[in-house]
Protein chains: 2
Amino acid sequence: MQEKAMVVSRRKVLNWIGVTAGAAAMYQAMSSLGFAAESNYQRDFALSGAPKGTRVLILGAGLAGMTAAYELRKAGYQVKVLEFNAKPGGRCWTLRGGDRFTELGGATQHCEFDKGLYLNPGPWRIPYHHHAVLDYCHKFGVALEPFIQVNYNAMVHSTKAFGGKPQRYREVQADFQGHVAELLSKAVNQHGLDQALTREDRERLLEVMRKWGALDASNAYKKSLETSMRRGFAVDDGGGLMPEAVASEPIDCKALLDSNLWQSIASGQEYEFQSSIFQPVGGMDMIAQAFQKQVNDLIHYNAKVTRIQQNDKGVTVTYQNSDGSGGAQQEQADWCVCTLPLSILGQLPVDVSAPMMSAIRAVPYESSIKVGLQFKRRFWEQDEHIYGGISYTDTPISKISYPSTDYGKQGKGVLLGAYIWGPNAYEFTAMSPQMRVQKAVEYGAQVHPQYPAEFENGIAVGWHRVPWTNGCYGLWTPETRQQHYKNLCQIDGRIVLAGEHASYIPAWMEGAILSSQDAIKRLHTHIIASAKAA
Amino acid sequence: MQEKAMVVSRRKVLNWIGVTAGAAAMYQAMSSLGFAAESNYQRDFALSGAPKGTRVLILGAGLAGMTAAYELRKAGYQVKVLEFNAKPGGRCWTLRGGDRFTELGGATQHCEFDKGLYLNPGPWRIPYHHHAVLDYCHKFGVALEPFIQVNYNAMVHSTKAFGGKPQRYREVQADFQGHVAELLSKAVNQHGLDQALTREDRERLLEVMRKWGALDASNAYKKSLETSMRRGFAVDDGGGLMPEAVASEPIDCKALLDSNLWQSIASGQEYEFQSSIFQPVGGMDMIAQAFQKQVNDLIHYNAKVTRIQQNDKGVTVTYQNSDGSGGAQQEQADWCVCTLPLSILGQLPVDVSAPMMSAIRAVPYESSIKVGLQFKRRFWEQDEHIYGGISYTDTPISKISYPSTDYGKQGKGVLLGAYIWGPNAYEFTAMSPQMRVQKAVEYGAQVHPQYPAEFENGIAVGWHRVPWTNGCYGLWTPETRQQHYKNLCQIDGRIVLAGEHASYIPAWMEGAILSSQDAIKRLHTHIIASAKAA
């Protein structure tokens with residue numbers, strides 16, 4: 001007998017469950033609610049109705065500048081962009097084999113990575129709630145792939161604990177949680193929470209801690225197959241008559257607390273690093289390249305701004321070729337969106353009000369170093385079974401991050417061999433690039449002894465030596481925010497600033513883009529109002 | 001002046017750090033140590049030296065059967081495989097548009113998914129420590145992409161808590177951790193741990209809890225921008241003069257414990273689900289197809305085994321065409337590797353010892369349901385910003401899993417709309433496929449109200465109605481393991497069993513492959529010994 005084919009269609013189901021009538025309305029309500037709840041980001045951002053012939057000059061073709069260029073042209077403005085580099089993107093930057101980079105001080109590095117391998121010296125991750133970045137990626141067709149932030153099989157390493165032997169993230173995570181659960185259970189049983197909780201709640205809490213912490217029936221966190229189902233086994237389960245699984249021994253509670261390794265397990269819980277988090281396939285500058293396709297014809301490359309003047313008629317920007325050749329040139333416009341980093345802008349003569357100039361000069365730039373290392377093979381996958389993610393170490397390199405792509409591929413690989421902040425970053429900035437690479441290999445070998453045998457070449461970017469930023473990002477404090485932030489963001493005559501430094505999301509591409517959208521939205525409103533008043 | 005180019009080579013670094021001599025030896029030692037520590041898996045598994053002309057008949061062309069076929073032919077055996085279906089893979093199976101599936105009871109479903117969309121009714125994830133699966137994927141060129149197990153922006157939903165309103169994973173995760181930290185701090189301050197910890201350790205613990213739990217200076221977990229950096233904001237940070245961020249209100253401690261939602265945040269901590277975890281690009285059966293390329297010529301499809309006989313000379317297997325046509329046929333061999341699920345094997349006349357037959361019949365098969373639902377658009381991404389991952393609900397559908405691929409893509413999408421275990425699975429198995437899909441849409445609408453408006457079509461697989469398995473996987477208990485497992489795995493005359501049921505990793509492809517490797521390794525040794533004895 002031929003079975004009657006069954007096709008479960010939408011129409012049928014809607015009829016069955018009888019919700020057709022209210023569904024669309026309900027969906028509309030929920031959909032807009034869901035979005036509006038957390039973000040001020042305006043999806044499908046668009047301006048329109050620029051007064052005819054109005055010229056806007058944009059300084060800087062990073063993401064803030066290119067966002068402004070893209071949106072302002074769509075709104076009907078005559079747009080030009082001056083960019084210091086020979087290519088756009090600014091800190092949205094990827095280094096590949098064949099690239100060369102000359103830093104302040106004159107050292108030039110030639111990137112020797114094999115084809116397909118890269119380092120993102122600047123931003124390298126896109127959180128799921130960075131709606132503006134994600135929306136432009138989707139709109140411009142930038143393919144995204146998951147960035148693995150948390151890897152339970154990666155290493156956490158302290159030179160001061162466990163004889164310097166790296167532990168696995170899963171071991172520290174499971175054991176910390178287990179010990180906390182055991183301590184809290186102990187406290188409950190020793191009447192430490194009798195005042196805070198009812199008897200019923202205390203019993204419930206004991207039950208919850210047992211499950212959450214993988215405790216045994218007597219509320220202890222102990223070596224067992226159950227705790228190994230969290231922290232990993234001494235010998236894994238197998239098939240057929242392979243040797244049976246062997247439980248692993250948890251780390252002692254006091255040793256774990258003293259090790260400080262527990263600090264490394266929290267990063268994936270922070271809003272900015274929570275799963276899911278993404279990277280563009282092929283390197284972060286795929287985003288810059290996607291913007292470039294939209295606005296390349298507007299950009300004048302290799303133009304180093306040397307002066308910004310304005311009066312009540314317009315803006316005049318003086319620049320020279322980035323290599324110093326060709327003498328002073330000028331560009332005039334009605335309005336200016338300036339996205340130069342404050343670290344650069346503060347060194348220029350700029351006609352803005354005293355409060356804005358104070359703001360520009362009030363924000364120091366953070367120091368940071370990234371080192372990319374190429375190895376002969378992906379030993380972190382082949383030997384250690386670490387596929388993507390980050391290992392943490394208390395040596396100056398701070399982190400080792402494994403590529404979140406090409407898993408299991410034969411051949412060479414590039415990992416992030418150092419991501420350095422704070423005092424160590426200043427120390428590394430002072431070194432030659434060669435020495436930075438050398439140090440990254442040296443410290444990294446404490447986590448992965450394969451380093452010396454497998455290392456091939458490396459490249460090191462110290463952000464305080466990057467000519468177009470003189471630092472990594474604008475370092476606001478609560479005090480400088482209070483005193484200067486609004487002055488920095490106000491439209492000042494015919495000039496408005498944009499970039500991550502003019503945002504509450506410093507160092508992130510989202511900050512640059514949202515800052516730009518907000519600045520041009522206000523500028524556009526202001527221009528239309530000015531045109532009407534005139 | 002032309003800067004002198006700097007190339008940081010391996011040789012240079014090795015010279016600098018002066019470790020050349022010991023490096024190779026050190027690496028060798030560490031490398032083998034790292035691997036051997038946790039796994040019995042033998043990389044580069046290979047057998048060789050089969051006695052000339054020895055025939056092995058394999059029953060079943062799932063991953064266990066195809067592993068055996070691939071490895072035994074390489075070892076020099078004459079291999080044949082009998083497979084019930086018209087294609088290989090067994091439970092390593094993917095449903096795509098155009099596929100049809102007839103379940104026990106006769107209902108046939110036609111899959112109507114758009115091109116590129118799919119459901120994996122069986123296995124759908126590959127943990128980082130499933131070395132055998134990963135190695136065959138790498139060897140056979142199966143591309144892998146991360147499976148997003150944990151998504152902090154996904155939903156956790158209880159019909160009995162918060163008026164049935166789904167909460168975000170990040171809120172439950174952060175608040176649970178914060179409340180635990182606050183309770184433990186409170187207990188310390190109320191002398192509940194004075195006996196267990198020294199004064200110094202108690203102070204250290206308070207400091208640790210403050211950081212780990214995002215507590216304030218008075219050790220409280222409260223609404224603040226700091227706790228919102230974990231649980232998410234009421235209003236996110238923005239750029240320029242956008243409205244300032246607004247902190248979100250944590251969930252009350254007692255309400256959270258009572259909700260049971262905290263149970264959903266632990267799954268990503270379990271060894272089998274920890275990051276990083278993978279899926280093949282394009283569907284799980286890419287693995288089956290990769291094996292098929294190696295052994296397709298050995299497989300006789302549409303062959304339903306009806307009897308397995310052996311004597312001291314060899315094995316005779318009787319089969320018929322799967323559609324019942326053509327009468328009884330027979331295949332003879334010297335040895336047999338039988339990978340038929342015990343749920344099937346137990347129904348056949350099989351010449352094995354009483355202990356093995358008891359073992360075969362001692363293992364019931366777990367019930368499970370998966371439902372795939374196609375929607376007009378990827379509303380979970382567009383409206384809710386959920387990219388991959390799993391939402392949890394206490395309704396019978398248990399989970400909703402969003403595709404870990406094509407992030408941000410316009411157009412239609414298929415999600416896993418139900419993954420059902422236990423009593424609910426039996427109830428769903430009893431329903432028609434149509435009704436299962438209907439119920440999945442109905443329950444899912446409690447988590448995503450967009451469901452009714454966006455739903456297009458669906459397909460539902462109830463594993464107890466899958467003709468070639470009669471269930472999902474072998475459900476061992478500690479007691480049946482103790483009594484029967486070794487009897488099941490022993491070579492019985494000329495027959496050895498393999499499959500996930502003959503492993504300590506039930507339901508996982510790794511169990512099937514390791515079981516197969518172990519079985520054929522023992523069989524090969526036994527065959528060589530027998531040949532020598534003869």
# chains A, B, ... in the order shown; residues from 1 in each chain; ligands from 1

call {"tool": "select_by_dssp", "arguments": {"residues": "stretch 222-269 of chain A", "states": "helix (DSSP H, G or I)", "output": "PyMOL selection string"}}
result
chain A and resi 225-231+253-259+261-265+267-269

call {"tool": "residues_around", "arguments": {"residues": "B:Trp468", "least_positions_apart": "5", "cutoff": "9 Å", "atoms": "only C-alpha atoms", "output": "count of residues only"}}
result
7

call {"tool": "atom_distance", "arguments": {"atom1": "atom CA of B:Asn120", "atom2": "atom CA of B:Ala86"}}
result
17.8 Å

call {"tool": "closest_residue", "arguments": {"among": "A:Lys223, A:His300, A:Arg210, A:Lys486", "to": "chain B", "atoms": "only C-alpha atoms"}}
result
A:Lys486

call {"tool": "closest_residue", "arguments": {"among": "A:Pro433, A:Pro250, A:Gly178, A:Pro478", "to": "chain B", "atoms": "only C-alpha atoms"}}
result
A:Pro433

call {"tool": "closest_residue", "arguments": {"among": "B:Met242, B:Val337, B:Met155, B:Leu342", "to": "chain A", "atoms": "only C-alpha atoms"}}
result
B:Met242

call {"tool": "closest_residue", "arguments": {"among": "B:Ser503, B:Gln167, B:Thr67, B:Gln78", "to": "B:Lys52", "atoms": "only C-alpha atoms"}}
result
B:Gln78

call {"tool": "closest_residue", "arguments": {"among": "A:Ala533, A:Val79, A:Ala61, A:Met229", "to": "chain B", "atoms": "only C-alpha atoms"}}
result
A:Met229

call {"tool": "residues_around", "arguments": {"residues": "B:Ser48", "least_positions_apart": "4", "cutoff": "10 Å", "atoms": "only C-alpha atoms", "output": "PyMOL selection string"}}
result
chain B and resi 71-77+524

call {"tool": "write_last_selection", "arguments": {"atoms": "N, CA and C atoms", "output": "PDB file, in the first residue's frame"}}
result
ATOM      1  N   GLU B  71      38.662   0.081   7.969  1.00  0.00           N
ATOM      2  CA  GLU B  71      39.903  -0.354   8.613  1.00  0.00           C
ATOM      3  C   GLU B  71      40.233  -1.814   8.263  1.00  0.00           C
ATOM      4  N   LEU B  72      39.229  -2.674   8.150  1.00  0.00           N
ATOM      5  CA  LEU B  72      39.503  -4.085   7.858  1.00  0.00           C
ATOM      6  C   LEU B  72      39.973  -4.271   6.423  1.00  0.00           C
ATOM      7  N   ARG B  73      39.380  -3.526   5.485  1.00  0.00           N
ATOM      8  CA  ARG B  73      39.892  -3.627   4.106  1.00  0.00           C
ATOM      9  C   ARG B  73      41.341  -3.159   4.047  1.00  0.00           C
ATOM     10  N   LYS B  74      41.625  -2.031   4.744  1.00  0.00           N
ATOM     11  CA  LYS B  74      43.019  -1.561   4.761  1.00  0.00           C
ATOM     12  C   LYS B  74      43.957  -2.626   5.326  1.00  0.00           C
ATOM     13  N   ALA B  75      43.443  -3.422   6.255  1.00  0.00           N
ATOM     14  CA  ALA B  75      44.281  -4.460   6.886  1.00  0.00           C
ATOM     15  C   ALA B  75      44.456  -5.673   5.978  1.00  0.00           C
ATOM     16  N   GLY B  76      43.674  -5.705   4.891  1.00  0.00           N
ATOM     17  CA  GLY B  76      43.837  -6.803   3.948  1.00  0.00           C
ATOM     18  C   GLY B  76      42.696  -7.812   3.914  1.00  0.00           C
ATOM     19  N   TYR B  77      41.630  -7.549   4.634  1.00  0.00           N
ATOM     20  CA  TYR B  77      40.498  -8.480   4.636  1.00  0.00           C
ATOM     21  C   TYR B  77      39.620  -8.292   3.403  1.00  0.00           C
ATOM     22  N   HIS B 524      40.900  -8.979  14.965  1.00  0.00           N
ATOM     23  CA  HIS B 524      42.097  -9.159  14.130  1.00  0.00           C
ATOM     24  C   HIS B 524      43.151  -9.980  14.874  1.00  0.00           C
TER      25      HIS B 524
END

call {"tool": "residues_around", "arguments": {"residues": "stretch 526-532 of chain B", "least_positions_apart": "6", "cutoff": "9 Å", "atoms": "only C-alpha atoms", "output": "list in words"}}
result
Gly49, Ala50, Pro51, Thr54, Trp335 and Ile491 of chain B

call {"tool": "residues_around", "arguments": {"residues": "A:Leu416", "least_positions_apart": "3", "cutoff": "7 Å", "atoms": "only C-alpha atoms", "output": "list of chain:residue names"}}
result
A:Val371, A:Gly372, A:Leu373, A:Ile400, A:Ser401, A:Tyr402

call {"tool": "write_last_selection", "arguments": {"atoms": "all heavy atoms", "output": "PDB file, in the first residue's frame"}}
result
ATOM      1  N   VAL A 371      50.718  40.412  19.530  1.00  0.00           N
ATOM      2  CA  VAL A 371      51.767  39.704  18.804  1.00  0.00           C
ATOM      3  C   VAL A 371      51.141  38.492  18.114  1.00  0.00           C
ATOM      4  O   VAL A 371      50.438  37.701  18.757  1.00  0.00           O
ATOM      5  CB  VAL A 371      52.899  39.231  19.751  1.00  0.00           C
ATOM      6  CG1 VAL A 371      53.970  38.478  18.975  1.00  0.00           C
ATOM      7  CG2 VAL A 371      53.508  40.413  20.499  1.00  0.00           C
ATOM      8  N   GLY A 372      51.366  38.375  16.826  1.00  0.00           N
ATOM      9  CA  GLY A 372      50.928  37.195  16.079  1.00  0.00           C
ATOM     10  C   GLY A 372      52.105  36.286  15.820  1.00  0.00           C
ATOM     11  O   GLY A 372      53.176  36.761  15.432  1.00  0.00           O
ATOM     12  N   LEU A 373      51.920  35.000  16.039  1.00  0.00           N
ATOM     13  CA  LEU A 373      53.013  34.039  15.865  1.00  0.00           C
ATOM     14  C   LEU A 373      52.592  32.942  14.906  1.00  0.00           C
ATOM     15  O   LEU A 373      51.521  32.333  15.081  1.00  0.00           O
ATOM     16  CB  LEU A 373      53.390  33.407  17.212  1.00  0.00           C
ATOM     17  CG  LEU A 373      53.804  34.358  18.336  1.00  0.00           C
ATOM     18  CD1 LEU A 373      54.031  33.564  19.636  1.00  0.00           C
ATOM     19  CD2 LEU A 373      55.052  35.147  17.965  1.00  0.00           C
ATOM     20  N   ILE A 400      46.893  33.721  25.307  1.00  0.00           N
ATOM     21  CA  ILE A 400      47.201  33.105  24.011  1.00  0.00           C
ATOM     22  C   ILE A 400      45.851  32.751  23.408  1.00  0.00           C
ATOM     23  O   ILE A 400      45.049  32.072  24.039  1.00  0.00           O
ATOM     24  CB  ILE A 400      48.061  31.831  24.174  1.00  0.00           C
ATOM     25  CG1 ILE A 400      49.437  32.186  24.746  1.00  0.00           C
ATOM     26  CG2 ILE A 400      48.198  31.097  22.850  1.00  0.00           C
ATOM     27  CD1 ILE A 400      50.283  30.960  25.112  1.00  0.00           C
ATOM     28  N   SER A 401      45.596  33.241  22.208  1.00  0.00           N
ATOM     29  CA  SER A 401      44.308  32.921  21.596  1.00  0.00           C
ATOM     30  C   SER A 401      44.528  32.139  20.308  1.00  0.00           C
ATOM     31  O   SER A 401      45.316  32.526  19.451  1.00  0.00           O
ATOM     32  CB  SER A 401      43.507  34.187  21.325  1.00  0.00           C
ATOM     33  OG  SER A 401      42.264  33.842  20.752  1.00  0.00           O
ATOM     34  N   TYR A 402      43.784  31.044  20.210  1.00  0.00           N
ATOM     35  CA  TYR A 402      43.934  30.108  19.100  1.00  0.00           C
ATOM     36  C   TYR A 402      42.931  30.457  18.012  1.00  0.00           C
ATOM     37  O   TYR A 402      41.824  30.899  18.313  1.00  0.00           O
ATOM     38  CB  TYR A 402      43.718  28.679  19.613  1.00  0.00           C
ATOM     39  CG  TYR A 402      44.481  28.431  20.898  1.00  0.00           C
ATOM     40  CD1 TYR A 402      43.868  28.624  22.136  1.00  0.00           C
ATOM     41  CD2 TYR A 402      45.825  28.101  20.871  1.00  0.00           C
ATOM     42  CE1 TYR A 402      44.570  28.455  23.328  1.00  0.00           C
ATOM     43  CE2 TYR A 402      46.540  27.923  22.052  1.00  0.00           C
ATOM     44  CZ  TYR A 402      45.909  28.106  23.272  1.00  0.00           C
ATOM     45  OH  TYR A 402      46.611  27.951  24.445  1.00  0.00           O
TER      46      TYR A 402
END

call {"tool": "atom_distance", "arguments": {"atom1": "atom CA of B:Arg55", "atom2": "atom CA of B:Asp285"}}
result
28.2 Å

call {"tool": "select_by_dssp", "arguments": {"residues": "stretch 312-375 of chain B", "states": "strand (DSSP E)", "output": "VMD selection string"}}
result
chain B and resid 315 to 321 329 to 333 335 to 338 368 to 375

call {"tool": "residues_around", "arguments": {"residues": "A:Ser158", "least_positions_apart": "6", "cutoff": "6 Å", "atoms": "only C-alpha atoms", "output": "list in words"}}
result
Gly164, Thr393 and Asp394 of chain A

call {"tool": "write_last_selection", "arguments": {"atoms": "N, CA, C and O atoms", "output": "PDB file, in the first residue's frame"}}
result
ATOM      1  N   GLY A 164      53.956  26.154  38.364  1.00  0.00           N
ATOM      2  CA  GLY A 164      53.978  26.743  37.027  1.00  0.00           C
ATOM      3  C   GLY A 164      53.338  25.858  35.970  1.00  0.00           C
ATOM      4  O   GLY A 164      53.361  26.190  34.781  1.00  0.00           O
ATOM      5  N   THR A 393      47.402  33.470  31.185  1.00  0.00           N
ATOM      6  CA  THR A 393      48.656  33.294  31.924  1.00  0.00           C
ATOM      7  C   THR A 393      48.982  34.573  32.675  1.00  0.00           C
ATOM      8  O   THR A 393      48.596  35.661  32.236  1.00  0.00           O
ATOM      9  N   ASP A 394      49.642  34.428  33.796  1.00  0.00           N
ATOM     10  CA  ASP A 394      50.056  35.621  34.539  1.00  0.00           C
ATOM     11  C   ASP A 394      51.410  36.143  34.079  1.00  0.00           C
ATOM     12  O   ASP A 394      51.945  37.074  34.661  1.00  0.00           O
TER      13      ASP A 394
END

call {"tool": "residues_around", "arguments": {"residues": "stretch 81-83 of chain B", "least_positions_apart": "5", "cutoff": "7 Å", "atoms": "only C-alpha atoms", "output": "ChimeraX atom specification"}}
result
/B:57-61,298-304
